[in-house]
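Colleague: Just one file: structure25.cif, with mmCIF, C-alpha atoms.
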```cif
data_final
#
loop_
_atom_site.group_PDB
_atom_site.id
_atom_site.type_symbol
_atom_site.label_atom_id
_atom_site.label_comp_id
_atom_site.auth_asym_id
_atom_site.auth_seq_id
_atom_site.Cartn_x
_atom_site.Cartn_y
_atom_site.Cartn_z
ATOM 1 C CA MET A 23 -9.147 14.925 -5.305
ATOM 2 C CA ARG A 24 -8.711 11.194 -5.565
ATOM 3 C CA LEU A 25 -5.441 9.635 -4.484
ATOM 4 C CA VAL A 26 -5.243 7.374 -7.501
ATOM 5 C CA GLU A 27 -5.187 10.424 -9.745
ATOM 6 C CA ASN A 28 -2.496 12.234 -7.791
ATOM 7 C CA THR A 29 0.075 9.656 -6.762
ATOM 8 C CA LYS A 30 2.150 6.950 -8.398
ATOM 9 C CA VAL A 31 2.074 3.582 -6.649
ATOM 10 C CA VAL A 32 5.058 1.385 -7.436
ATOM 11 C CA MET A 33 6.143 -2.057 -6.333
ATOM 12 C CA ARG A 34 9.602 -3.060 -7.526
ATOM 13 C CA ASP A 35 10.327 -6.030 -5.307
ATOM 14 C CA PRO A 36 8.175 -9.174 -5.272
ATOM 15 C CA MET A 37 5.989 -9.576 -2.195
ATOM 16 C CA GLU A 38 7.337 -12.754 -0.727
ATOM 17 C CA ALA A 39 9.638 -13.913 2.020
ATOM 18 C CA GLY A 40 13.174 -12.604 2.047
ATOM 19 C CA ALA A 41 15.242 -9.477 2.050
ATOM 20 C CA LEU A 42 14.613 -6.334 0.039
ATOM 21 C CA ASP A 43 18.128 -5.456 -0.941
ATOM 22 C CA ALA A 44 18.169 -5.688 -4.732
ATOM 23 C CA SER A 45 20.313 -2.704 -5.636
ATOM 24 C CA ALA A 46 18.677 -2.132 -9.029
ATOM 25 C CA LYS A 47 15.168 -1.784 -7.640
ATOM 26 C CA SER A 48 15.003 1.945 -7.096
ATOM 27 C CA VAL A 49 12.423 4.553 -8.044
ATOM 28 C CA ASN A 50 13.126 7.817 -9.815
ATOM 29 C CA MET A 51 12.039 10.952 -7.967
ATOM 30 C CA ALA A 52 12.962 13.341 -10.802
ATOM 31 C CA ASN A 53 9.322 14.002 -11.627
ATOM 32 C CA PHE A 54 8.011 13.993 -8.062
ATOM 33 C CA ALA A 55 8.664 16.106 -4.991
ATOM 34 C CA LYS A 56 7.926 13.447 -2.380
ATOM 35 C CA CYS A 57 7.865 9.711 -1.891
ATOM 36 C CA ARG A 58 6.190 7.711 0.833
ATOM 37 C CA ILE A 59 7.517 4.210 1.426
ATOM 38 C CA LEU A 60 5.267 1.615 3.048
ATOM 39 C CA LEU A 61 7.031 -1.494 4.309
ATOM 40 C CA PHE A 62 4.851 -4.380 5.479
ATOM 41 C CA ILE A 63 6.516 -7.305 7.230
ATOM 42 C CA THR A 64 4.828 -10.436 8.551
ATOM 43 C CA THR A 65 6.783 -12.693 10.858
ATOM 44 C CA ASN A 66 5.964 -15.854 12.733
ATOM 45 C CA SER A 67 8.834 -16.135 15.131
ATOM 46 C CA THR A 68 10.140 -14.626 18.313
ATOM 47 C CA ALA A 69 13.375 -13.647 16.584
ATOM 48 C CA ALA A 70 12.408 -11.305 13.812
ATOM 49 C CA ASP A 71 14.572 -8.230 13.704
ATOM 50 C CA GLY A 72 16.055 -6.685 10.563
ATOM 51 C CA THR A 73 17.796 -3.454 9.619
ATOM 52 C CA VAL A 74 16.189 -0.933 7.282
ATOM 53 C CA THR A 75 18.157 1.779 5.509
ATOM 54 C CA LEU A 76 17.408 4.252 2.739
ATOM 55 C CA LEU A 77 19.731 4.566 -0.255
ATOM 56 C CA GLN A 78 20.110 7.080 -3.072
ATOM 57 C CA GLY A 79 21.933 7.144 -6.399
ATOM 58 C CA THR A 80 22.163 8.531 -9.920
ATOM 59 C CA THR A 81 20.828 5.312 -11.455
ATOM 60 C CA THR A 82 18.478 2.583 -10.315
ATOM 61 C CA THR A 83 21.515 0.991 -8.692
ATOM 62 C CA ALA A 84 21.346 3.196 -5.639
ATOM 63 C CA LEU A 85 24.109 2.521 -3.142
ATOM 64 C CA THR A 86 24.696 5.815 -1.299
ATOM 65 C CA ALA A 87 23.218 6.209 2.144
ATOM 66 C CA LEU A 88 20.228 8.522 2.465
ATOM 67 C CA GLY A 89 19.846 9.778 6.002
ATOM 68 C CA PHE A 90 16.505 9.968 7.737
ATOM 69 C CA THR A 91 15.476 11.368 11.091
ATOM 70 C CA GLU A 92 12.012 9.950 11.604
ATOM 71 C CA TYR A 93 9.646 7.225 10.576
ATOM 72 C CA TRP A 94 6.259 5.935 11.623
ATOM 73 C CA LYS A 95 5.322 2.458 12.681
ATOM 74 C CA CYS A 96 2.396 0.234 13.600
ATOM 75 C CA GLU A 97 3.674 -3.146 14.635
ATOM 76 C CA THR A 98 0.272 -4.806 14.843
ATOM 77 C CA ILE A 99 -1.294 -3.563 11.637
ATOM 78 C CA SER A 100 -3.421 -6.668 11.034
ATOM 79 C CA GLY A 101 -4.613 -7.220 14.586
ATOM 80 C CA ASP A 102 -8.188 -7.153 15.733
ATOM 81 C CA THR A 103 -8.544 -4.114 17.973
ATOM 82 C CA ALA A 104 -9.054 -0.402 17.417
ATOM 83 C CA GLY A 105 -5.413 0.297 18.165
ATOM 84 C CA ASN A 106 -4.290 -1.745 15.215
ATOM 85 C CA ASP A 107 -4.426 1.133 12.768
ATOM 86 C CA ALA A 108 -2.623 3.747 14.873
ATOM 87 C CA LEU A 109 0.782 4.979 13.789
ATOM 88 C CA THR A 110 3.530 5.932 16.209
ATOM 89 C CA ARG A 111 6.112 8.479 15.135
ATOM 90 C CA VAL A 112 9.691 7.511 15.914
ATOM 91 C CA GLU A 113 12.481 10.085 15.941
ATOM 92 C CA ALA A 114 15.551 8.075 15.001
ATOM 93 C CA THR A 115 18.213 7.855 12.322
ATOM 94 C CA THR A 116 18.245 4.070 12.265
ATOM 95 C CA LEU A 117 15.760 1.237 12.265
ATOM 96 C CA THR A 118 17.424 -2.015 13.241
ATOM 97 C CA THR A 119 14.499 -3.958 14.589
ATOM 98 C CA ALA A 120 11.958 -4.059 11.777
ATOM 99 C CA GLY A 121 9.510 -6.917 11.993
ATOM 100 C CA ALA A 122 7.782 -7.488 15.314
ATOM 101 C CA SER A 123 7.475 -11.030 16.518
ATOM 102 C CA SER A 124 4.489 -13.003 15.296
ATOM 103 C CA ALA A 125 2.734 -10.010 13.773
ATOM 104 C CA THR A 126 2.352 -7.906 10.667
ATOM 105 C CA SER A 127 4.149 -4.583 11.010
ATOM 106 C CA LEU A 128 3.934 -1.411 8.969
ATOM 107 C CA TYR A 129 6.801 1.068 8.707
ATOM 108 C CA VAL A 130 6.378 4.374 6.890
ATOM 109 C CA PHE A 131 9.162 6.590 5.572
ATOM 110 C CA GLU A 132 8.639 9.986 3.991
ATOM 111 C CA VAL A 133 11.328 11.154 1.554
ATOM 112 C CA ARG A 134 11.502 14.678 0.139
ATOM 113 C CA SER A 135 13.469 15.243 -3.041
ATOM 114 C CA ASP A 136 15.508 17.937 -1.305
ATOM 115 C CA MET A 137 16.837 15.282 1.076
ATOM 116 C CA LEU A 138 18.836 13.769 -1.791
ATOM 117 C CA ASP A 139 22.444 14.782 -2.414
ATOM 118 C CA SER A 140 23.233 17.007 -5.349
ATOM 119 C CA ASP A 141 26.351 18.564 -6.813
ATOM 120 C CA THR A 142 27.329 20.898 -9.628
ATOM 121 C CA PHE A 143 28.407 18.246 -12.109
ATOM 122 C CA LYS A 144 24.963 17.133 -13.189
ATOM 123 C CA SER A 145 25.261 13.855 -11.367
ATOM 124 C CA GLU A 146 22.565 14.627 -8.872
ATOM 125 C CA ASN A 147 21.008 11.680 -7.152
ATOM 126 C CA LYS A 148 17.471 11.054 -8.339
ATOM 127 C CA TYR A 149 16.863 7.442 -7.413
ATOM 128 C CA ILE A 150 15.995 6.092 -4.017
ATOM 129 C CA ARG A 151 15.187 2.725 -2.557
ATOM 130 C CA LEU A 152 14.584 1.042 0.727
ATOM 131 C CA ASN A 153 17.121 -1.560 1.773
ATOM 132 C CA CYS A 154 15.940 -4.187 4.212
ATOM 133 C CA THR A 155 18.453 -6.802 5.197
ATOM 134 C CA ALA A 156 17.160 -10.241 6.041
ATOM 135 C CA VAL A 157 14.419 -10.305 8.611
ATOM 136 C CA THR A 158 14.619 -13.549 10.494
ATOM 137 C CA ASN A 159 11.697 -15.815 9.757
ATOM 138 C CA CYS A 160 9.903 -13.226 7.694
ATOM 139 C CA THR A 161 7.006 -15.003 6.027
ATOM 140 C CA HIS A 162 5.840 -12.144 3.825
ATOM 141 C CA ILE A 163 7.237 -8.768 2.970
ATOM 142 C CA ALA A 164 5.895 -6.031 0.724
ATOM 143 C CA CYS A 165 7.438 -2.671 -0.076
ATOM 144 C CA ILE A 166 5.296 -0.043 -1.777
ATOM 145 C CA TYR A 167 6.630 3.254 -3.033
ATOM 146 C CA GLU A 168 4.100 6.000 -3.487
ATOM 147 C CA LEU A 169 5.398 9.087 -5.261
ATOM 148 C CA TYR A 170 3.337 12.250 -5.019
ATOM 149 C CA GLU A 171 3.296 15.956 -5.698
ATOM 150 C CA PRO A 172 4.259 15.371 -9.333
ATOM 151 C CA ARG A 173 5.881 18.206 -11.238
ATOM 152 C CA TYR A 174 3.537 17.513 -14.147
ATOM 153 C CA ALA A 175 0.222 16.141 -12.958
ATOM 154 C CA ARG A 176 -1.536 14.179 -15.651
ATOM 155 C CA GLY A 177 -4.043 11.893 -13.965
ATOM 156 C CA SER A 178 -4.044 8.284 -12.884
ATOM 157 C CA ASP A 179 -3.426 6.709 -16.271
ATOM 158 C CA SER A 180 -0.615 9.022 -17.304
ATOM 159 C CA MET A 181 1.433 9.837 -14.224
ATOM 160 C CA PRO A 182 5.148 10.115 -15.062
ATOM 161 C CA SER A 183 6.987 6.795 -14.913
ATOM 162 C CA VAL A 184 9.432 6.215 -12.092
ATOM 163 C CA ASN A 185 11.050 3.030 -13.364
ATOM 164 C CA THR A 186 13.515 4.818 -15.621
ATOM 165 C CA MET B 20 1.454 18.135 2.898
ATOM 166 C CA ARG B 21 2.767 14.685 3.634
ATOM 167 C CA LEU B 22 0.632 11.677 2.821
ATOM 168 C CA THR B 23 1.311 9.915 6.074
ATOM 169 C CA GLU B 24 -0.128 12.874 7.983
ATOM 170 C CA ASN B 25 -3.311 12.965 5.939
ATOM 171 C CA THR B 26 -4.358 9.390 5.338
ATOM 172 C CA LYS B 27 -5.034 6.263 7.362
ATOM 173 C CA VAL B 28 -3.398 3.068 6.113
ATOM 174 C CA VAL B 29 -5.170 -0.087 7.238
ATOM 175 C CA MET B 30 -4.540 -3.779 6.641
ATOM 176 C CA LYS B 31 -7.287 -5.983 8.043
ATOM 177 C CA ASP B 32 -6.650 -9.224 6.173
ATOM 178 C CA ALA B 33 -3.472 -11.188 6.726
ATOM 179 C CA MET B 34 -0.743 -10.475 4.192
ATOM 180 C CA GLY B 35 0.232 -13.245 1.809
ATOM 181 C CA GLY B 36 -3.033 -15.115 2.071
ATOM 182 C CA THR B 37 -4.405 -17.619 -0.421
ATOM 183 C CA GLY B 38 -7.877 -18.813 -1.382
ATOM 184 C CA GLY B 39 -9.536 -15.446 -1.804
ATOM 185 C CA LEU B 40 -10.458 -12.644 0.574
ATOM 186 C CA GLN B 41 -13.952 -13.225 1.827
ATOM 187 C CA THR B 42 -13.671 -12.364 5.491
ATOM 188 C CA ALA B 43 -16.966 -10.709 6.288
ATOM 189 C CA GLY B 44 -15.737 -9.249 9.564
ATOM 190 C CA ASN B 45 -12.928 -7.226 8.055
ATOM 191 C CA GLY B 46 -14.674 -4.073 6.914
ATOM 192 C CA VAL B 47 -13.213 -0.606 7.551
ATOM 193 C CA ASN B 48 -15.246 2.262 8.959
ATOM 194 C CA MET B 49 -15.630 5.278 6.657
ATOM 195 C CA ALA B 50 -17.669 7.313 9.167
ATOM 196 C CA LYS B 51 -14.813 9.760 9.704
ATOM 197 C CA TYR B 52 -13.476 9.795 6.166
ATOM 198 C CA ALA B 53 -14.866 10.967 2.859
ATOM 199 C CA LYS B 54 -12.903 8.571 0.668
ATOM 200 C CA CYS B 55 -11.208 5.206 0.728
ATOM 201 C CA ARG B 56 -8.748 3.727 -1.717
ATOM 202 C CA ALA B 57 -8.422 -0.061 -1.741
ATOM 203 C CA ILE B 58 -5.220 -1.468 -3.217
ATOM 204 C CA LEU B 59 -5.297 -5.185 -3.977
ATOM 205 C CA LEU B 60 -1.981 -6.853 -4.787
ATOM 206 C CA ILE B 61 -2.052 -10.406 -6.153
ATOM 207 C CA ALA B 62 0.921 -12.575 -7.110
ATOM 208 C CA CYS B 63 -0.003 -15.764 -8.980
ATOM 209 C CA ASP B 64 2.266 -18.723 -9.627
ATOM 210 C CA ASP B 65 2.896 -20.200 -13.064
ATOM 211 C CA GLN B 66 -0.396 -21.982 -13.624
ATOM 212 C CA ALA B 67 -3.517 -21.125 -15.573
ATOM 213 C CA VAL B 68 -5.564 -18.458 -13.821
ATOM 214 C CA GLY B 69 -9.292 -18.410 -13.387
ATOM 215 C CA GLY B 70 -9.603 -14.811 -12.275
ATOM 216 C CA GLY B 71 -11.056 -14.150 -8.849
ATOM 217 C CA ALA B 72 -14.147 -11.953 -8.895
ATOM 218 C CA VAL B 73 -13.661 -8.710 -7.008
ATOM 219 C CA THR B 74 -16.719 -7.232 -5.372
ATOM 220 C CA LEU B 75 -17.147 -4.412 -2.900
ATOM 221 C CA LYS B 76 -19.307 -4.791 0.189
ATOM 222 C CA GLN B 77 -20.943 -2.333 2.564
ATOM 223 C CA GLY B 78 -22.655 -2.679 5.917
ATOM 224 C CA THR B 79 -23.535 -1.129 9.258
ATOM 225 C CA THR B 80 -20.857 -3.125 11.077
ATOM 226 C CA ALA B 81 -17.463 -4.550 10.192
ATOM 227 C CA SER B 82 -19.314 -7.622 8.928
ATOM 228 C CA CYS B 83 -20.246 -6.181 5.560
ATOM 229 C CA SER B 84 -22.261 -8.304 3.187
ATOM 230 C CA THR B 85 -24.363 -5.877 1.117
ATOM 231 C CA ALA B 86 -23.160 -5.255 -2.416
ATOM 232 C CA LEU B 87 -21.523 -1.891 -3.106
ATOM 233 C CA ALA B 88 -21.584 -1.142 -6.805
ATOM 234 C CA TYR B 89 -18.609 0.325 -8.620
ATOM 235 C CA SER B 90 -18.236 1.514 -12.171
ATOM 236 C CA GLU B 91 -14.496 1.841 -12.590
ATOM 237 C CA TYR B 92 -11.182 0.674 -11.263
ATOM 238 C CA TRP B 93 -7.520 0.910 -12.183
ATOM 239 C CA LYS B 94 -5.085 -1.900 -12.822
ATOM 240 C CA ASN B 95 -1.458 -2.683 -13.452
ATOM 241 C CA GLU B 96 -1.203 -6.386 -14.076
ATOM 242 C CA ASP B 97 2.589 -6.620 -14.045
ATOM 243 C CA VAL B 98 3.810 -4.241 -11.378
ATOM 244 C CA LEU B 99 7.336 -5.617 -11.302
ATOM 245 C CA ALA B 100 7.847 -4.726 -14.970
ATOM 246 C CA ALA B 101 6.134 -1.350 -15.313
ATOM 247 C CA ASP B 102 4.362 1.287 -13.248
ATOM 248 C CA ALA B 103 1.513 2.544 -15.444
ATOM 249 C CA LEU B 104 -2.086 2.229 -14.342
ATOM 250 C CA THR B 105 -4.902 1.567 -16.785
ATOM 251 C CA LYS B 106 -8.386 2.794 -16.029
ATOM 252 C CA VAL B 107 -11.087 0.184 -16.582
ATOM 253 C CA THR B 108 -14.716 1.224 -16.903
ATOM 254 C CA ALA B 109 -16.585 -1.834 -15.676
ATOM 255 C CA ALA B 110 -18.854 -3.031 -12.909
ATOM 256 C CA SER B 111 -16.939 -6.262 -12.356
ATOM 257 C CA CYS B 112 -13.337 -7.402 -12.196
ATOM 258 C CA ALA B 113 -11.642 -10.799 -12.565
ATOM 259 C CA ALA B 114 -8.329 -10.421 -10.768
ATOM 260 C CA GLY B 115 -5.061 -12.303 -11.134
ATOM 261 C CA ILE B 116 -2.517 -12.915 -13.894
ATOM 262 C CA ARG B 117 -0.460 -16.044 -14.430
ATOM 263 C CA ASN B 118 3.084 -15.729 -13.090
ATOM 264 C CA LYS B 119 2.713 -11.981 -12.457
ATOM 265 C CA THR B 120 2.153 -9.626 -9.584
ATOM 266 C CA ALA B 121 -0.916 -7.540 -10.360
ATOM 267 C CA MET B 122 -2.346 -4.466 -8.674
ATOM 268 C CA TYR B 123 -5.974 -3.341 -8.680
ATOM 269 C CA VAL B 124 -7.112 -0.003 -7.275
ATOM 270 C CA PHE B 125 -10.650 0.881 -6.241
ATOM 271 C CA GLU B 126 -11.750 4.336 -5.148
ATOM 272 C CA ILE B 127 -14.764 4.568 -2.835
ATOM 273 C CA ARG B 128 -16.553 7.764 -1.891
ATOM 274 C CA ALA B 129 -18.650 7.884 1.269
ATOM 275 C CA ASP B 130 -21.638 9.039 -0.763
ATOM 276 C CA MET B 131 -21.558 5.769 -2.715
ATOM 277 C CA LEU B 132 -22.771 3.920 0.374
ATOM 278 C CA ASP B 133 -26.456 3.279 0.995
ATOM 279 C CA SER B 134 -28.235 5.260 3.674
ATOM 280 C CA ASP B 135 -31.743 5.421 5.061
ATOM 281 C CA THR B 136 -33.730 7.388 7.623
ATOM 282 C CA PHE B 137 -33.565 4.897 10.449
ATOM 283 C CA LYS B 138 -30.006 5.557 11.536
ATOM 284 C CA SER B 139 -28.801 2.313 10.085
ATOM 285 C CA GLU B 140 -26.676 3.934 7.437
ATOM 286 C CA ASN B 141 -23.905 1.829 6.061
ATOM 287 C CA GLN B 142 -20.521 3.058 7.215
ATOM 288 C CA TYR B 143 -18.303 0.039 6.673
ATOM 289 C CA VAL B 144 -16.793 -1.156 3.429
ATOM 290 C CA ARG B 145 -14.583 -4.024 2.407
ATOM 291 C CA LEU B 146 -13.239 -5.664 -0.696
ATOM 292 C CA ASP B 147 -14.185 -9.247 -1.388
ATOM 293 C CA LEU B 148 -12.063 -11.456 -3.637
ATOM 294 C CA ALA B 149 -13.322 -14.847 -4.764
ATOM 295 C CA ASN B 150 -10.821 -17.682 -4.855
ATOM 296 C CA ILE B 151 -8.509 -17.720 -7.841
ATOM 297 C CA THR B 152 -8.645 -21.169 -9.376
ATOM 298 C CA THR B 153 -5.818 -23.442 -10.535
ATOM 299 C CA ALA B 154 -3.041 -20.982 -9.825
ATOM 300 C CA THR B 155 -2.048 -20.332 -6.241
ATOM 301 C CA GLU B 156 -2.125 -16.695 -5.310
ATOM 302 C CA SER B 157 -0.540 -14.613 -2.613
ATOM 303 C CA HIS B 158 -2.455 -11.438 -1.896
ATOM 304 C CA SER B 159 -2.284 -8.283 0.167
ATOM 305 C CA LEU B 160 -5.103 -5.803 0.625
ATOM 306 C CA ILE B 161 -4.429 -2.271 1.800
ATOM 307 C CA TYR B 162 -7.151 0.220 2.625
ATOM 308 C CA GLU B 163 -6.202 3.860 2.700
ATOM 309 C CA LEU B 164 -8.819 6.232 4.086
ATOM 310 C CA TYR B 165 -8.384 9.908 3.351
ATOM 311 C CA GLU B 166 -10.034 13.308 3.484
ATOM 312 C CA PRO B 167 -10.762 12.892 7.208
ATOM 313 C CA ARG B 168 -13.472 14.985 8.804
ATOM 314 C CA TYR B 169 -11.103 15.871 11.627
ATOM 315 C CA VAL B 170 -7.464 16.085 10.616
ATOM 316 C CA ARG B 171 -5.093 15.392 13.483
ATOM 317 C CA GLY B 172 -1.787 14.216 12.012
ATOM 318 C CA ALA B 173 -0.086 10.920 11.367
ATOM 319 C CA GLU B 174 -0.210 9.489 14.864
ATOM 320 C CA ASN B 175 -3.739 10.609 15.714
ATOM 321 C CA MET B 176 -5.823 10.072 12.621
ATOM 322 C CA PRO B 177 -9.318 8.820 13.520
ATOM 323 C CA THR B 178 -9.455 5.066 13.701
ATOM 324 C CA ALA B 179 -10.967 3.187 10.790
ATOM 325 C CA TRP B 180 -11.844 0.037 12.722
#
```
So, in terms of C-alpha cells, how does the structure I just supplied come out?
Modeller:
Amino acid sequence: MRLVENTKVVMRDPMEAGALDASAKSVNMANFAKCRILLFITTNSTAADGTVTLLQGTTTTALTALGFTEYWKCETISGDTAGNDALTRVEATTLTTAGASSATSLYVFEVRSDMLDSDTFKSENKYIRLNCTAVTNCTHIACIYELYEPRYARGSDSMPSVNT
Amino acid sequence: MRLTENTKVVMKDAMGGTGGLQTAGNGVNMAKYAKCRAILLIACDDQAVGGGAVTLKQGTTASCSTALAYSEYWKNEDVLAADALTKVTAASCAAGIRNKTAMYVFEIRADMLDSDTFKSENQYVRLDLANITTATESHSLIYELYEPRYVRGAENMPTAW
C-alpha cells in the first residue's frame, strides 16, 4: 500500500499569508469516507492567535458549522529537536488560538463523512472546509485536505475528484 | 483506521522558503518506518521559470548527501485549479510552474536505501530542490512516514528525527 495510491491530496487555498476563509473553497466528501485536514501556520510575532472552525454544506460554498470534539497539534513542527514531530491530542470543541508565537504549528483534524448533517430531502451536506480567521502576523499558511477510504479506489492517477 | 493515527507528519524545512531546499541537515529517519511520502509544494510568481532540479538524498545521519535514485513521481502542477495527479516515469524532475502552485509527490521505500555489512546503513532521507531561477518561489516540504514497525497511535508514533 502506498499512500499516494490510496488518498487524494487537495489544496484549495493558496499557501501564503492571510486568512483561510474563502467560502467557495470546500472539498467534496461524496466519494470518500474520511478526510484529514492538515493546517500549517508560521508566525513571527508574540501575538499570533486565530480561530479555526469546520464548516459543511451542500455546495462548495459551505457555511454551516461542523462540530468537532478533538484535534491534534504540534506547535513546533519545524524545530530542531526530537520532540518537534510529536503530536498532542486535544479534546475540545473549539480552537481559538491557532498559530503559536514565532514558530510553525501543525493542526490536524479528522472528519468522518457520518459527522456531516443529512436529511430526507436529498440536500445532504457533502462539502466541508476549514475556516481560519485571520491569524495575527501569520507569515505563511497552508491547508491541505487529504481524503481517504474512497468508495471507488482507482489508483493515484484516477482517484475521484473532490473539487466538484 | 485514521491517517493521523498511522502516519508521522514531519516538516523539517521552514515553510514558505525561497532559493531552493538544500539543507543537508534536514533528513528524516526511516529506521522505524517502511515508507515515506514526500510532498513538495511550490508556488511561483509570474516570471519565467527555470525549473528547480529535485533530487533525493540518503545518509547515515540527518546530514544526507548521497544520491537516492527514483524512477517515478506524481505531479499536479496547478493544485488550485484541479486535484488530479499525473504519474511521471522519470529519474529526474524540474519543479515549478510560472504563476501556479504545483505539487510533486515522491514515494520512498526503506528498501530503496543503500545498506552494507558494516552497520553504516543509510537510514535518513531528504528531498533536495535546486534554486528555481528567474521566478521567485515559495515552497513547503512535508514528509509523511508510514507503515511504522511499532504502531502506537497519533500522539506516540516513533520519532522521525
Colleague: Counting all atoms listed in the file, select every polymer residue within 8 Å of (-20.2, -4.9, 0.6) as defined in the file's coordinates, and provide the selection as an mmCIF file with C-alpha atoms, in the coordinates of the input.
Modeller:
```cif
data_model
loop_
_atom_site.group_PDB
_atom_site.id
_atom_site.type_symbol
_atom_site.label_atom_id
_atom_site.label_comp_id
_atom_site.auth_asym_id
_atom_site.auth_seq_id
_atom_site.Cartn_x
_atom_site.Cartn_y
_atom_site.Cartn_z
ATOM 1 C CA THR B 74 -16.719 -7.232 -5.372
ATOM 2 C CA LEU B 75 -17.147 -4.412 -2.900
ATOM 3 C CA LYS B 76 -19.307 -4.791 0.189
ATOM 4 C CA GLN B 77 -20.943 -2.333 2.564
ATOM 5 C CA GLY B 78 -22.655 -2.679 5.917
ATOM 6 C CA CYS B 83 -20.246 -6.181 5.560
ATOM 7 C CA SER B 84 -22.261 -8.304 3.187
ATOM 8 C CA THR B 85 -24.363 -5.877 1.117
ATOM 9 C CA ALA B 86 -23.160 -5.255 -2.416
ATOM 10 C CA LEU B 87 -21.523 -1.891 -3.106
ATOM 11 C CA VAL B 144 -16.793 -1.156 3.429
ATOM 12 C CA ARG B 145 -14.583 -4.024 2.407
ATOM 13 C CA LEU B 146 -13.239 -5.664 -0.696
ATOM 14 C CA ASP B 147 -14.185 -9.247 -1.388
#
```
Colleague: Counting all atoms listed in the file, give me one row per residue of chain A with an atom at most 7 Å from an atom of chain B, showing the shortest contact pair and its distance in Å to one decimal, sorted by chain then residue number, as JSON lines.
Modeller:
```
{"residue": "A:Val32", "atom": "CA", "partner": "B:Asp102", "partner_atom": "CA", "distance": 5.9}
{"residue": "A:Met33", "atom": "CA", "partner": "B:Val98", "partner_atom": "CA", "distance": 6.0}
{"residue": "A:Arg34", "atom": "CA", "partner": "B:Leu99", "partner_atom": "CA", "distance": 5.1}
{"residue": "A:Asp35", "atom": "CA", "partner": "B:Leu99", "partner_atom": "CA", "distance": 6.7}
{"residue": "A:Ile99", "atom": "CA", "partner": "B:Met30", "partner_atom": "CA", "distance": 6.0}
{"residue": "A:Ser100", "atom": "CA", "partner": "B:Lys31", "partner_atom": "CA", "distance": 4.9}
{"residue": "A:Ala104", "atom": "CA", "partner": "B:Trp180", "partner_atom": "CA", "distance": 5.5}
{"residue": "A:Asp107", "atom": "CA", "partner": "B:Val29", "partner_atom": "CA", "distance": 5.7}
{"residue": "A:Ala108", "atom": "CA", "partner": "B:Glu174", "partner_atom": "CA", "distance": 6.2}
{"residue": "A:Leu109", "atom": "CA", "partner": "B:Glu174", "partner_atom": "CA", "distance": 4.7}
{"residue": "A:Thr110", "atom": "CA", "partner": "B:Glu174", "partner_atom": "CA", "distance": 5.3}
{"residue": "A:Arg111", "atom": "CA", "partner": "B:Glu174", "partner_atom": "CA", "distance": 6.4}
{"residue": "A:His162", "atom": "CA", "partner": "B:Gly35", "partner_atom": "CA", "distance": 6.1}
{"residue": "A:Ser178", "atom": "CA", "partner": "B:Leu104", "partner_atom": "CA", "distance": 6.5}
{"residue": "A:Asp179", "atom": "CA", "partner": "B:Leu104", "partner_atom": "CA", "distance": 5.1}
{"residue": "A:Ser183", "atom": "CA", "partner": "B:Asp102", "partner_atom": "CA", "distance": 6.3}
{"residue": "A:Asn185", "atom": "CA", "partner": "B:Ala101", "partner_atom": "CA", "distance": 6.9}
```
Colleague: Given the choices A:Leu152, A:Val184, A:Asp136, A:Glu168, which gets closest to Val26 of chain A if the distance is worked out from all atoms listed in the file?
Modeller: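 For Val26 of chain A, the nearest of the candidates is A:Glu168.
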Colleague: For segment 77-84 of chain A, please output as a ChimeraX atom specification all residues within 9 Å (counting all atoms listed in the file; exclusion window: fewer than 2 positions along the same chain).
Modeller: /A:44-50,75,86-89,138-139,145-153,185-186
Colleague: Write the residues of the selection above to a file with C-alpha atoms, as a tab-separated table (two decimals), in the frame of the given file.
Modeller:
```
chain	number	residue	atom	x	y	z
A	44	ALA	CA	18.17	-5.69	-4.73
A	45	SER	CA	20.31	-2.70	-5.64
A	46	ALA	CA	18.68	-2.13	-9.03
A	47	LYS	CA	15.17	-1.78	-7.64
A	48	SER	CA	15.00	1.94	-7.10
A	49	VAL	CA	12.42	4.55	-8.04
A	50	ASN	CA	13.13	7.82	-9.82
A	75	THR	CA	18.16	1.78	5.51
A	86	THR	CA	24.70	5.82	-1.30
A	87	ALA	CA	23.22	6.21	2.14
A	88	LEU	CA	20.23	8.52	2.46
A	89	GLY	CA	19.85	9.78	6.00
A	138	LEU	CA	18.84	13.77	-1.79
A	139	ASP	CA	22.44	14.78	-2.41
A	145	SER	CA	25.26	13.86	-11.37
A	146	GLU	CA	22.56	14.63	-8.87
A	147	ASN	CA	21.01	11.68	-7.15
A	148	LYS	CA	17.47	11.05	-8.34
A	149	TYR	CA	16.86	7.44	-7.41
A	150	ILE	CA	16.00	6.09	-4.02
A	151	ARG	CA	15.19	2.72	-2.56
A	152	LEU	CA	14.58	1.04	0.73
A	153	ASN	CA	17.12	-1.56	1.77
A	185	ASN	CA	11.05	3.03	-13.36
A	186	THR	CA	13.52	4.82	-15.62
```
Colleague: Could you tell me how far atom CA of Cys63 of chain B lies from atom CA of Leu76 of chain A, in Å and to one decimal?
Modeller: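 Separating atom CA of Cys63 of chain B from atom CA of Leu76 of chain A is a distance of 29.0 Å.
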Colleague: Work out where the centre of an axis-aligned box around every listed atom of segment 144-154 of chain B lies and how long its edges are once 6 Å is added on each side; give both in Å to one decimal as JSON.
Modeller:
```
{"center_x": -9.9, "center_y": -12.3, "center_z": -3.6, "size_x": 25.8, "size_y": 34.3, "size_z": 26.0}
```
Colleague: Excluding segment 66-71 of chain B and any residue of its chain fewer than 4 positions from it, enumerate the residues within 10 Å of it, using only C-alpha atoms, and give them as a PyMOL selection string.
Modeller: chain B and resi 38-40+112-118+147-156
Colleague: Tell me which protein, DNA and RNA residues are within 10 Å of segment 171-174 of chain A, counting only C-alpha atoms, leaving out same-chain ones fewer than 5 positions away, and put them as an MDAnalysis selection string.
Modeller: (chainID A and resid 28:30 51:57 180:182) or (chainID B and resid 20:22)
Colleague: Give me, please, the distance in Å between atom CA of Ala43 of chain B and atom CA of Leu160 of chain B, quoted to one decimal.
Modeller: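 For atom CA of Ala43 of chain B relative to atom CA of Leu160 of chain B, the distance reads 14.0 Å.
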